[in-house]
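Here the structure is laid out as structure tokens; the discussion comes afterwards.
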Amino acid sequence: MLAGRHPRVPFLFVHKTHSMSCDNATTALLRLIFAQGASAPRRLLLERFAGDADKAVHAGTHVLQEAGLSAAQIARLRNPDKTTQALLARSLAWLKAPDHHLLTLGDPDYPPLLAQAPDPPLALFIAGEPGYLWQPQIAIVGSRHASAGGRDNAHAFARQLALQGFAIISGLAAGIDRAAHEGALSCHDGVTLAVLGCGIDTAYPRSHGALMQVISERGAVISEYPPGTPPLQHNFPARNRIVAALSAGTLVVEAAERSGALITARLAAEAGREVFALPGSIHNPMARGCHHLLRNGATLVTCPEDISSAVSPILQHLGQVLRARLADEKETNPTPGTGLSAQQQSLLQAIGHDPVTLDTLVERSAQPLAELAPLLLTLELEGHIRVEHGRYTRSH
């Protein structure tokens, strides 16, 4: 693993916004998002008011200043301009549609690996199933101008990792990103997540609109930017930090010496994640970035198994977070003699003795995916189940 900081755990305020109705709290939270600028002061402001966004945005000027909001942020909160008002209306309209969500830092469903990143987004707009953000993820990134061989490698690695139960996360860009998304989708139950550097309602590039729609149906499309936000250049490095933080590891397939993929790799290392690179021909300029990473400590991989074995420590940490979350719920008290909670016992019974898909488990258990995902991960990490070719099987 490349040298980097261990992730810190920020304050998590309790403010339920998942699938939220378009009420005053939603509007207030959106106004706080549209204040822009540094996110840490806005998180501190919400902390002061225990997650009550409506009280936060109507606080006195001195309270806003004490939280660290700049004069420009306060001005945007107090007097939204016409552009901000239009974005607010567009966001509220977008949230009314089915399978559209706004997930706030502090929500129990906010992905823990992202919450522990140095600068987690205040909120995420999600089109699709938020529960997939809890599934173990591998990022696959690389050049927009990848070679045919590079695209084939990205597709093959994504497919094999998806068959092992990983969600494949990337940035919906051309080249390696697209090949990775399509590789995961080539599996019957493969899951892929796309993180955008523009508004959640905008495909970039436009030619990926159909792919973005499929991803929202088979996984999730994610953005910290509200509907209507254009694909500005400075948004993409910020997008890359989300890709890096959500994943247990980042695989760079092909990249130039100066590229967004190398930024993602650096951010992954700083977040305490594993960084992997595929070696390439010394004559391929798109392999120079990978060779740079390998010289500086990235793990050389030649098959998907190299990745799945190396990310075990991160998954163990994720399992500890999940167990702590589940321990707070009354129904998770262990059943005598098993060490398993009642929910886990019920889920094992739903799995039965033959391999089953995730869709089948949702149907059998009558539980939403957001509740099943952490249970399945803890059962897998504790050795009670295994995932093969996208299907869950009891280990004994």
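All residue names refer to the structure tokens as shown: chains lettered A, B, ... in order, residues numbered from 1 in each chain, ligands numbered from 1 in order.
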### Message
Could you list, as a list in words, every residue within 9 Å of range 345-347 of chain A, counting only C-alpha atoms and ignoring same-chain residues fewer than 5 positions away?
### Response
Thr335, Thr338, Leu340, Gly352, Leu361, Arg364, Ser365, Leu372, Leu375 and Leu376 of chain A
Sorted by chain and rising residue number, list the residues of range 252-308 of chain A at most 9 Å from range 116-140 of chain A (counting only C-alpha atoms), each with its closest atom pair and distance in Å to one decimal, as CSV.
```
residue,atom,partner,partner_atom,distance
A:Val252,CA,A:Ile140,CA,6.1
A:Val253,CA,A:Ile140,CA,7.2
A:Glu270,CA,A:Pro118,CA,8.5
A:Ala271,CA,A:Ala117,CA,5.9
A:Gly272,CA,A:Ala117,CA,8.9
A:Ile307,CA,A:Ile138,CA,8.6
A:Ser308,CA,A:Ile138,CA,8.9
```
### Arg218 in chain A environment, 12 Å, only C-alpha atoms, sequence neighbours closer than 5 positions dropped, as an MDAnalysis selection string
chainID A and resid 99 127:132 167:168 181:182 184:194 211:213 358:359
### Task
as an MDAnalysis selection string, list the residues of range 99-338 of chain A assigned to strand (DSSP E) by DSSP on the backbone atoms of this structure.
chainID A and resid 100:104 123:128 137:141 167:170 192:195 220:223 249:252 274:277 299:300
Got time to write the residues from that selection, C-alpha atoms, as a short mmCIF file (atom, residue, chain, number, x, y, z; two decimals), in the first residue's frame?
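Saved file again-v1.cif follows:
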```cif
data_model
loop_
_atom_site.label_atom_id
_atom_site.label_comp_id
_atom_site.auth_asym_id
_atom_site.auth_seq_id
_atom_site.Cartn_x
_atom_site.Cartn_y
_atom_site.Cartn_z
CA HIS A 100 -34.02 9.56 -6.24
CA HIS A 101 -32.39 10.17 -2.86
CA LEU A 102 -30.48 12.70 -0.84
CA LEU A 103 -28.19 11.04 1.69
CA THR A 104 -26.60 13.22 4.36
CA ALA A 123 -24.61 15.11 1.17
CA LEU A 124 -24.90 12.77 -1.81
CA PHE A 125 -27.53 12.85 -4.53
CA ILE A 126 -28.22 9.24 -5.54
CA ALA A 127 -30.16 7.82 -8.47
CA GLY A 128 -30.72 4.12 -7.81
CA GLN A 137 -16.27 -1.80 -3.73
CA ILE A 138 -13.23 -1.77 -5.98
CA ALA A 139 -12.47 1.33 -8.04
CA ILE A 140 -11.20 0.78 -11.58
CA VAL A 141 -9.89 3.94 -13.24
CA ALA A 167 -19.32 -3.53 -6.67
CA ILE A 168 -17.24 -1.80 -9.33
CA ILE A 169 -17.01 1.97 -8.92
CA SER A 170 -15.71 4.43 -11.50
CA THR A 192 -21.55 -0.93 -10.61
CA LEU A 193 -21.56 2.61 -9.21
CA ALA A 194 -20.83 5.79 -11.16
CA VAL A 195 -19.65 8.97 -9.43
CA ALA A 220 -26.39 3.67 -8.33
CA VAL A 221 -25.33 6.98 -9.85
CA ILE A 222 -23.83 9.33 -7.27
CA SER A 223 -22.94 13.01 -7.16
CA GLY A 249 -8.92 -0.49 -3.22
CA THR A 250 -8.22 1.37 -6.47
CA LEU A 251 -6.94 -0.34 -9.61
CA VAL A 252 -5.28 1.85 -12.26
CA GLU A 274 -4.88 -0.10 -1.28
CA VAL A 275 -3.58 1.07 -4.66
CA PHE A 276 -3.03 -1.41 -7.50
CA ALA A 277 -1.61 -1.00 -11.00
CA THR A 299 0.85 -3.25 -5.70
CA LEU A 300 1.47 -4.95 -9.05
#
```
### Message
Just list as an MDAnalysis selection string whatever in range 117-240 of chain A DSSP marks as alpha helix (DSSP H).
### Response
chainID A and resid 148:163 176:185 209:218 235:240
